[in-house]
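What follows is the content of structure-v1.txt, which has compact mmCIF, C-alpha atoms:
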```
# COMPACT_ATOMS: atom_id res chain seq x y z
CA MET A 21 4.49 -27.69 41.39
CA ALA A 22 4.10 -30.66 43.71
CA ASN A 23 6.88 -33.23 43.72
CA ASP A 24 4.71 -36.03 42.31
CA GLN A 25 3.89 -33.83 39.33
CA ARG A 26 7.41 -32.83 38.42
CA LEU A 27 8.50 -33.33 34.85
CA PRO A 28 11.83 -34.99 34.04
CA ILE A 29 14.61 -32.47 33.55
CA ASP A 30 15.13 -33.64 29.97
CA ASP A 31 11.47 -33.19 29.00
CA GLN A 32 11.75 -30.55 26.29
CA ARG A 33 8.26 -30.54 24.84
CA PRO A 34 7.75 -28.31 21.80
CA VAL A 35 6.20 -24.95 22.59
CA GLU A 36 2.70 -24.60 21.18
CA ILE A 37 2.42 -21.91 18.53
CA ARG A 38 -0.30 -19.47 19.53
CA PRO A 39 -2.89 -18.45 16.92
CA ALA A 40 -1.53 -14.90 17.09
CA ASP A 41 1.88 -16.20 15.97
CA ALA A 42 0.53 -18.32 13.13
CA ALA A 43 -1.45 -15.43 11.61
CA LEU A 44 1.58 -13.19 11.12
CA THR A 45 3.54 -13.42 7.89
CA SER A 46 5.73 -11.34 5.57
CA PRO A 47 7.32 -13.36 2.71
CA ARG A 48 9.76 -10.59 1.79
CA LEU A 49 10.97 -10.26 5.36
CA ASN A 50 11.24 -14.05 5.60
CA ARG A 51 13.69 -14.10 2.67
CA TRP A 52 16.00 -11.69 4.48
CA LEU A 53 15.66 -13.66 7.70
CA GLU A 54 16.72 -16.80 5.83
CA HIS A 55 20.04 -15.02 5.10
CA LEU A 56 20.33 -14.00 8.76
CA VAL A 57 19.84 -17.56 10.01
CA ALA A 58 22.02 -19.17 7.32
CA GLU A 59 24.93 -16.88 8.17
CA LYS A 60 24.35 -17.19 11.93
CA GLY A 61 23.92 -13.43 12.28
CA SER A 62 22.47 -11.77 15.36
CA ASP A 63 20.48 -8.91 13.79
CA LEU A 64 18.82 -7.87 10.55
CA LEU A 65 19.04 -4.10 10.07
CA LEU A 66 16.69 -2.24 7.72
CA VAL A 67 17.40 1.47 7.20
CA SER A 68 16.14 3.71 4.40
CA GLY A 69 18.80 4.61 1.83
CA ALA A 70 20.76 1.41 2.52
CA PRO A 71 20.38 -2.26 1.54
CA PRO A 72 19.18 -4.86 4.07
CA SER A 73 22.15 -5.80 6.26
CA ILE A 74 22.99 -8.31 8.95
CA ARG A 75 25.25 -8.11 12.00
CA HIS A 76 27.56 -11.04 12.72
CA ASP A 77 29.99 -10.88 15.65
CA GLY A 78 29.49 -7.13 15.78
CA ILE A 79 30.27 -6.58 12.06
CA VAL A 80 27.50 -5.20 9.81
CA ARG A 81 27.37 -6.41 6.19
CA ALA A 82 24.85 -5.91 3.36
CA ILE A 83 23.08 -9.04 2.10
CA ASP A 84 21.48 -7.48 -0.99
CA THR A 85 22.11 -4.64 -3.43
CA GLU A 86 18.54 -3.34 -3.18
CA VAL A 87 18.45 0.09 -1.51
CA LEU A 88 15.40 0.37 0.73
CA ALA A 89 12.97 3.25 1.16
CA GLY A 90 11.19 3.89 4.44
CA SER A 91 7.87 2.93 2.85
CA ASP A 92 9.41 -0.41 1.75
CA ILE A 93 10.48 -1.16 5.30
CA GLU A 94 7.13 -0.25 6.82
CA SER A 95 5.11 -2.28 4.31
CA THR A 96 7.43 -5.27 4.77
CA VAL A 97 7.70 -5.32 8.56
CA LEU A 98 4.22 -4.28 9.73
CA PRO A 99 2.49 -7.49 8.51
CA ALA A 100 4.87 -9.49 10.75
CA MET A 101 3.90 -7.55 13.90
CA HIS A 102 0.98 -8.36 16.16
CA PRO A 103 -2.03 -5.97 16.01
CA GLY A 104 -1.19 -4.22 19.28
CA ALA A 105 2.32 -3.42 18.06
CA ARG A 106 0.95 -2.10 14.76
CA GLN A 107 -1.29 0.25 16.68
CA ASP A 108 1.63 1.34 18.86
CA PHE A 109 3.67 2.11 15.75
CA HIS A 110 0.92 4.20 14.18
CA GLU A 111 0.37 6.13 17.43
CA ALA A 112 3.92 6.50 18.75
CA GLN A 113 6.07 5.71 15.67
CA ILE A 114 7.91 2.98 17.56
CA ALA A 115 6.91 -0.56 18.52
CA ASP A 116 8.25 -3.97 19.52
CA SER A 117 6.89 -7.37 18.57
CA SER A 118 7.85 -11.03 18.42
CA TYR A 119 7.71 -12.93 15.13
CA ARG A 120 7.86 -16.65 14.48
CA VAL A 121 8.75 -18.24 11.12
CA GLN A 122 8.29 -21.97 10.72
CA GLY A 123 11.67 -23.55 10.06
CA LEU A 124 13.63 -20.39 10.91
CA GLY A 125 12.74 -19.68 14.53
CA ARG A 126 11.65 -16.65 16.55
CA PHE A 127 12.67 -13.02 16.16
CA ARG A 128 12.28 -9.76 18.07
CA ILE A 129 11.24 -6.83 15.91
CA ASN A 130 11.79 -3.18 16.75
CA LEU A 131 10.15 -0.91 14.16
CA HIS A 132 10.93 2.77 14.60
CA HIS A 133 11.52 6.05 12.76
CA GLN A 134 14.79 7.77 11.85
CA ARG A 135 15.01 10.91 9.72
CA GLY A 136 11.24 10.76 9.45
CA MET A 137 11.24 7.34 7.79
CA ALA A 138 10.62 3.80 9.01
CA ALA A 139 13.57 1.61 10.07
CA ALA A 140 13.79 -1.75 11.78
CA ALA A 141 16.17 -3.82 13.88
CA ILE A 142 15.28 -7.50 14.06
CA ARG A 143 17.05 -9.79 16.51
CA ALA A 144 17.27 -13.57 16.06
CA LEU A 145 16.14 -15.27 19.27
CA PRO A 146 17.82 -18.56 20.23
CA ALA A 147 15.62 -21.64 20.12
CA ASP A 148 16.93 -23.02 23.42
CA VAL A 149 17.56 -21.43 26.78
CA PRO A 150 21.33 -21.56 27.43
CA ALA A 151 22.73 -23.35 30.45
CA LEU A 152 24.14 -20.88 32.95
CA GLY A 153 27.42 -22.76 33.09
CA ASN A 154 27.89 -22.34 29.33
CA LEU A 155 27.80 -18.53 29.35
CA ASN A 156 31.43 -18.22 30.47
CA LEU A 157 30.49 -15.95 33.36
CA PRO A 158 32.31 -16.04 36.73
CA SER A 159 31.03 -18.86 38.91
CA ALA A 160 29.67 -16.45 41.54
CA VAL A 161 26.90 -15.49 39.11
CA GLU A 162 25.45 -18.99 39.43
CA ASP A 163 24.71 -18.33 43.11
CA LEU A 164 22.08 -15.77 42.10
CA ALA A 165 19.83 -18.67 41.11
CA SER A 166 19.80 -19.82 44.76
CA LEU A 167 18.47 -16.55 46.17
CA GLN A 168 15.09 -16.73 47.90
CA ARG A 169 13.97 -13.09 47.73
CA GLY A 170 15.02 -9.57 46.81
CA LEU A 171 15.67 -7.53 43.69
CA VAL A 172 18.42 -8.56 41.26
CA LEU A 173 19.31 -5.99 38.60
CA VAL A 174 21.33 -6.87 35.49
CA GLY A 175 22.69 -3.87 33.59
CA GLY A 176 24.59 -3.42 30.38
CA PRO A 177 24.39 -1.71 26.98
CA ALA A 178 22.10 -2.96 24.23
CA GLY A 179 23.25 -6.31 22.88
CA SER A 180 25.38 -7.15 25.91
CA GLY A 181 23.59 -10.40 26.76
CA LYS A 182 21.55 -9.16 29.75
CA SER A 183 18.39 -11.02 28.75
CA THR A 184 20.40 -14.17 28.05
CA THR A 185 21.92 -14.09 31.53
CA VAL A 186 18.52 -13.62 33.18
CA ALA A 187 17.00 -16.41 31.06
CA ALA A 188 19.84 -18.75 32.05
CA LEU A 189 19.30 -17.92 35.73
CA ILE A 190 15.59 -18.67 35.38
CA HIS A 191 16.41 -21.93 33.60
CA GLU A 192 18.69 -22.87 36.50
CA ILE A 193 15.91 -22.16 39.01
CA ASN A 194 13.49 -24.12 36.81
CA GLN A 195 15.81 -27.12 36.86
CA GLN A 196 16.68 -27.06 40.55
CA HIS A 197 13.61 -25.78 42.42
CA ALA A 198 9.85 -26.32 42.50
CA ARG A 199 8.70 -22.70 42.29
CA HIS A 200 6.14 -20.56 40.48
CA ILE A 201 7.87 -18.26 37.99
CA VAL A 202 6.22 -15.43 36.04
CA THR A 203 8.12 -13.59 33.30
CA ILE A 204 6.87 -10.31 31.81
CA GLU A 205 8.58 -9.35 28.56
CA ASP A 206 8.17 -7.19 25.45
CA PRO A 207 8.48 -9.42 23.56
CA ILE A 208 9.22 -12.87 25.02
CA GLU A 209 12.80 -13.72 24.09
CA TYR A 210 13.39 -17.21 25.49
CA GLU A 211 10.58 -19.73 25.82
CA HIS A 212 10.80 -21.85 28.98
CA THR A 213 9.31 -25.29 29.43
CA HIS A 214 7.91 -26.50 32.77
CA LEU A 215 10.63 -28.50 34.51
CA ARG A 216 10.65 -28.55 38.31
CA SER A 217 8.98 -25.13 38.33
CA MET A 218 5.78 -23.87 36.77
CA VAL A 219 6.64 -21.04 34.34
CA GLU A 220 4.13 -18.50 33.08
CA GLN A 221 5.29 -16.09 30.36
CA VAL A 222 3.37 -12.87 29.75
CA GLU A 223 4.02 -10.91 26.56
CA VAL A 224 3.28 -7.19 26.73
CA GLY A 225 1.04 -6.17 23.84
CA ILE A 226 -0.51 -9.64 23.54
CA ASP A 227 -1.20 -10.92 27.06
CA ALA A 228 -1.22 -7.53 28.83
CA PRO A 229 -1.31 -3.90 27.68
CA ASP A 230 1.81 -2.74 29.53
CA PHE A 231 4.40 -3.66 32.14
CA PRO A 232 2.69 -2.11 35.20
CA THR A 233 -0.62 -3.85 34.45
CA ALA A 234 1.12 -7.18 33.87
CA LEU A 235 3.19 -6.82 37.04
CA ARG A 236 0.18 -5.98 39.22
CA ALA A 237 -1.64 -9.00 37.81
CA ALA A 238 1.39 -11.23 38.41
CA LEU A 239 1.44 -10.33 42.10
CA ARG A 240 -2.11 -11.71 42.41
CA GLN A 241 -0.92 -15.04 41.01
CA ALA A 242 1.24 -15.97 44.04
CA PRO A 243 4.59 -16.14 42.19
CA ASP A 244 7.86 -16.98 43.90
CA VAL A 245 10.01 -15.52 41.11
CA ILE A 246 9.18 -12.60 38.80
CA VAL A 247 11.11 -11.47 35.73
CA VAL A 248 10.51 -7.93 34.50
CA GLY A 249 12.05 -7.87 31.04
CA GLU A 250 13.07 -4.24 31.31
CA MET A 251 12.56 -1.38 33.79
CA ARG A 252 11.16 1.29 31.47
CA ASP A 253 9.05 3.56 33.66
CA PRO A 254 8.76 4.67 37.31
CA GLU A 255 5.53 2.76 37.92
CA THR A 256 7.08 -0.54 36.85
CA MET A 257 10.12 0.22 39.02
CA ARG A 258 7.94 1.07 42.03
CA ILE A 259 5.93 -2.14 41.81
CA ALA A 260 9.02 -4.29 41.23
CA VAL A 261 10.81 -2.80 44.25
CA ALA A 262 7.71 -3.30 46.41
CA ALA A 263 7.41 -6.91 45.25
CA ALA A 264 11.03 -7.59 46.21
CA GLU A 265 10.45 -5.96 49.60
CA THR A 266 7.50 -8.25 50.30
CA GLY A 267 9.37 -11.51 49.77
CA HIS A 268 9.44 -12.17 46.02
CA LEU A 269 12.61 -12.80 44.04
CA VAL A 270 12.57 -10.25 41.19
CA PHE A 271 14.97 -10.11 38.24
CA SER A 272 15.10 -7.19 35.82
CA THR A 273 17.42 -5.51 33.31
CA LEU A 274 18.48 -1.92 32.67
CA HIS A 275 20.53 -0.18 29.99
CA THR A 276 23.44 0.91 32.20
CA THR A 277 27.22 0.55 32.30
CA ASP A 278 28.23 -0.12 35.91
CA VAL A 279 26.82 -0.91 39.34
CA ALA A 280 26.47 2.71 40.47
CA SER A 281 24.66 3.83 37.31
CA THR A 282 22.33 0.82 37.54
CA VAL A 283 21.23 1.84 41.04
CA SER A 284 20.97 5.54 40.17
CA ARG A 285 18.86 4.81 37.09
CA ILE A 286 16.07 3.63 39.40
CA SER A 287 16.02 6.60 41.79
CA ASP A 288 16.68 9.19 39.07
CA SER A 289 13.59 8.02 37.17
CA PHE A 290 11.33 9.47 39.88
CA PRO A 291 10.40 13.10 40.56
CA LEU A 292 12.86 14.84 42.86
CA GLU A 293 10.47 14.82 45.82
CA ARG A 294 10.09 11.02 45.53
CA GLN A 295 13.74 10.11 45.07
CA ASN A 296 14.68 9.89 48.74
CA THR A 297 11.74 7.59 49.45
CA ILE A 298 12.53 5.26 46.57
CA ARG A 299 16.19 5.12 47.66
CA GLN A 300 15.11 3.94 51.12
CA GLU A 301 12.89 1.27 49.57
CA LEU A 302 15.55 0.25 47.05
CA ALA A 303 18.16 -0.08 49.80
CA MET A 304 15.93 -2.61 51.55
CA ALA A 305 14.87 -4.53 48.44
CA LEU A 306 18.12 -4.79 46.49
CA THR A 307 20.01 -8.08 46.82
CA ALA A 308 22.46 -8.01 43.91
CA VAL A 309 23.52 -5.75 41.05
CA MET A 310 25.35 -7.14 38.05
CA THR A 311 26.52 -5.45 34.85
CA GLN A 312 28.06 -7.06 31.80
CA ASN A 313 29.39 -6.35 28.34
CA LEU A 314 30.56 -8.48 25.43
CA VAL A 315 34.24 -8.22 24.48
CA PRO A 316 35.73 -9.49 21.18
CA GLY A 317 37.24 -12.93 21.73
CA LYS A 318 40.69 -13.92 20.50
CA GLN A 319 39.19 -16.93 18.73
CA GLY A 320 36.30 -14.97 17.26
CA GLY A 321 32.89 -14.31 18.71
CA ARG A 322 32.40 -12.26 21.84
CA VAL A 323 33.07 -13.07 25.48
CA PRO A 324 31.14 -11.65 28.48
CA ALA A 325 32.96 -9.54 31.04
CA ALA A 326 30.94 -8.77 34.17
CA GLU A 327 30.79 -6.97 37.50
CA LEU A 328 28.79 -8.14 40.51
CA LEU A 329 27.90 -6.49 43.81
CA LEU A 330 26.19 -8.61 46.45
CA VAL A 331 24.38 -5.98 48.48
CA GLY A 332 25.15 -5.91 52.20
CA TYR A 333 24.87 -3.44 55.07
CA GLY A 334 27.48 -1.03 53.70
CA ALA A 335 25.96 -0.83 50.24
CA ARG A 336 22.49 -0.27 51.70
CA GLN A 337 23.79 2.67 53.70
CA HIS A 338 25.43 4.21 50.61
CA ILE A 339 22.19 3.82 48.63
CA ARG A 340 20.15 5.47 51.40
CA ARG A 341 22.56 8.41 51.50
CA ASN A 342 22.84 8.58 47.68
CA ALA A 343 26.59 8.06 48.01
CA LEU A 344 26.69 5.71 45.05
CA GLN A 345 30.30 6.54 44.19
CA HIS A 346 31.25 4.30 47.14
CA LEU A 347 29.58 1.18 45.74
CA SER A 348 32.75 0.20 43.88
CA GLN A 349 34.49 0.04 47.27
CA GLU A 350 31.74 -2.29 48.49
CA ILE A 351 32.61 -4.69 45.69
CA THR A 352 36.11 -4.93 47.16
CA LEU A 353 34.81 -5.27 50.72
CA THR A 354 32.39 -8.09 49.84
CA LYS A 355 34.70 -10.21 47.67
CA SER A 356 34.52 -13.01 50.21
CA LYS A 357 30.76 -13.21 49.60
CA GLY A 358 31.19 -13.42 45.82
CA SER A 359 31.35 -9.82 44.58
CA PHE A 360 33.87 -9.01 41.84
CA SER A 361 34.78 -5.97 39.75
CA LEU A 362 34.71 -5.59 35.98
CA GLU A 363 38.48 -5.18 36.01
CA GLU A 364 38.93 -8.49 37.84
CA SER A 365 36.69 -10.18 35.27
CA LEU A 366 38.63 -8.65 32.37
CA ALA A 367 41.98 -9.53 33.91
CA GLN A 368 40.94 -13.17 34.30
CA LEU A 369 39.79 -13.32 30.67
CA VAL A 370 43.19 -11.97 29.56
CA ARG A 371 45.04 -14.51 31.71
CA ASN A 372 42.91 -17.30 30.28
CA GLY A 373 43.84 -16.23 26.75
CA GLN A 374 40.21 -15.49 25.86
CA ILE A 375 40.59 -11.78 25.05
CA ASP A 376 43.42 -9.43 24.08
CA ARG A 377 44.95 -7.06 26.60
CA GLU A 378 44.17 -4.07 24.38
CA ASP A 379 40.49 -4.98 24.19
CA ALA A 380 40.36 -5.45 27.95
CA LEU A 381 41.76 -1.96 28.51
CA GLN A 382 39.21 -0.51 26.09
CA TYR A 383 36.26 -2.01 28.00
CA ALA A 384 37.52 -1.29 31.54
CA ASN A 385 35.83 1.34 33.71
CA HIS A 386 39.03 1.87 35.73
CA VAL A 387 42.03 1.41 33.43
CA ASP A 388 44.61 1.95 36.19
CA ASP A 389 43.05 -0.82 38.29
CA LEU A 390 43.11 -3.21 35.36
CA THR A 391 46.72 -2.34 34.53
CA THR A 392 47.69 -3.16 38.12
CA LEU A 393 45.81 -6.46 38.04
CA LEU A 394 47.49 -7.48 34.79
CA LYS A 395 50.93 -6.96 36.40
CA THR A 396 50.22 -9.37 39.23
```
Represent the structure from my file as structure tokens, please.
Amino acid sequence: MANDQRLPIDDQRPVEIRPADAALTSPRLNRWLEHLVAEKGSDLLLVSGAPPSIRHDGIVRAIDTEVLAGSDIESTVLPAMHPGARQDFHEAQIADSSYRVQGLGRFRINLHHQRGMAAAAIRALPADVPALGNLNLPSAVEDLASLQRGLVLVGGPAGSGKSTTVAALIHEINQQHARHIVTIEDPIEYEHTHLRSMVEQVEVGIDAPDFPTALRAALRQAPDVIVVGEMRDPETMRIAVAAAETGHLVFSTLHTTDVASTVSRISDSFPLERQNTIRQELAMALTAVMTQNLVPGKQGGRVPAAELLLVGYGARQHIRRNALQHLSQEITLTKSKGSFSLEESLAQLVRNGQIDREDALQYANHVDDLTTLLKT
């Protein structure tokens, strides 16, 4: 966006509700979501044979005595899902959708089957994009928002805050730089306003049929920054890696536990005869790999512990040779550039009094390394 057209940083205009959002409604589901919001829970869980329950700070608790049947869940949740997601559920027995309730906010719905019956996990989506500095992540993470090109992967288990970290990085770019940003998500989790950057947000199932189609279309729109909500299939991975190779800055998330598994998840998704080629391409495209998890805080809530590898010559060579077990050594060798290990992150959180030593040891990948760090 040209400088004379920039919006003030504090311009937080309300996001327009699309007709597709306004048409969706489920009064019964809304009543349960009222409980979720009132108790500041993160998830509403609907499973046959159990009452509706919410998760708060990792603890699951029933909010009603009514025991649900699979048919109850399906008939309650489907009306809240957009038509494309309903079709996906009928065809594949699993689907994702966004859902907006006036006065309550936005939610991400995952409707699926377990034991042959419908079940749902519904996540409350924050109304505002968090500031990167408020996430309590090591300061080196903030430097990722200053990158000009390359692929940045953020790994972690489900519910570890990966999408929140990526959204905060995009918000930082949006505040500091005049760039064209395109996000592709299923569904959209955080809604960005136009600040210094122009932000387009594509929702799979509403704005595009799938990730590969949306990503190909995005590349024709001259973006500077692309967010791929999740790397789910080889075709999406291939296009994202190629985009990073050709000068775009690409952020994406994966369900992984450490730096090595995050890199291997990409190459291992391809047929054996293609894996060497994708490793060569990935070695050139990759700029940074970060993983994170949420650890119980001493004062309640959960605190992020993270690991970051800024990819240099050594890491690229290990990726090309599929010697990913050596990437942890590269974290040590590139500390001066900002890399840090999970154990260093955990040790700092213990020293700061934010988490207990026992919890830190439970979440560490290398317990002996953490024990040594805690002695120093």
Contacts of segment 114-129 of chain A at 8 Å or less, counting all atoms listed in the file, minus same-chain residues fewer than 6 places along, as an MDAnalysis selection string? chainID A and resid 41:42 44:45 50 53:54 57 100:102 105:106 108 140:147 206:209 225
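For the pair atom CA of Ser62 of chain A and atom CA of Gly78 of chain A, the interatomic distance is 8.4 Å.
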Could you work out how far atom CA of Val283 of chain A lies from atom CA of Thr392 of chain A, giving the answer in Å with one decimal?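 Separating atom CA of Thr392 of chain A from atom CA of Val283 of chain A is a distance of 27.1 Å.
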Neighbour list for segment 269-275 of chain A as a PyMOL selection string, cut-off 9 Å, all atoms listed in the file, skip fewer than 2 positions in-chain: chain A and resi 167-178+182-183+186+243-252+260-261+263-264+267+277+282+285
Top pick for closest residue to Arg75 of chain A, considering A:Ile193, A:Leu56, A:Ala305, A:Ala138 and counting only C-alpha atoms: A:Leu56
Please compute the atom CA of Leu393 of chain A-atom CA of Ser359 of chain A distance, one decimal, in Å.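 We find that atom CA of Leu393 of chain A and atom CA of Ser359 of chain A lie 16.2 Å from each other.
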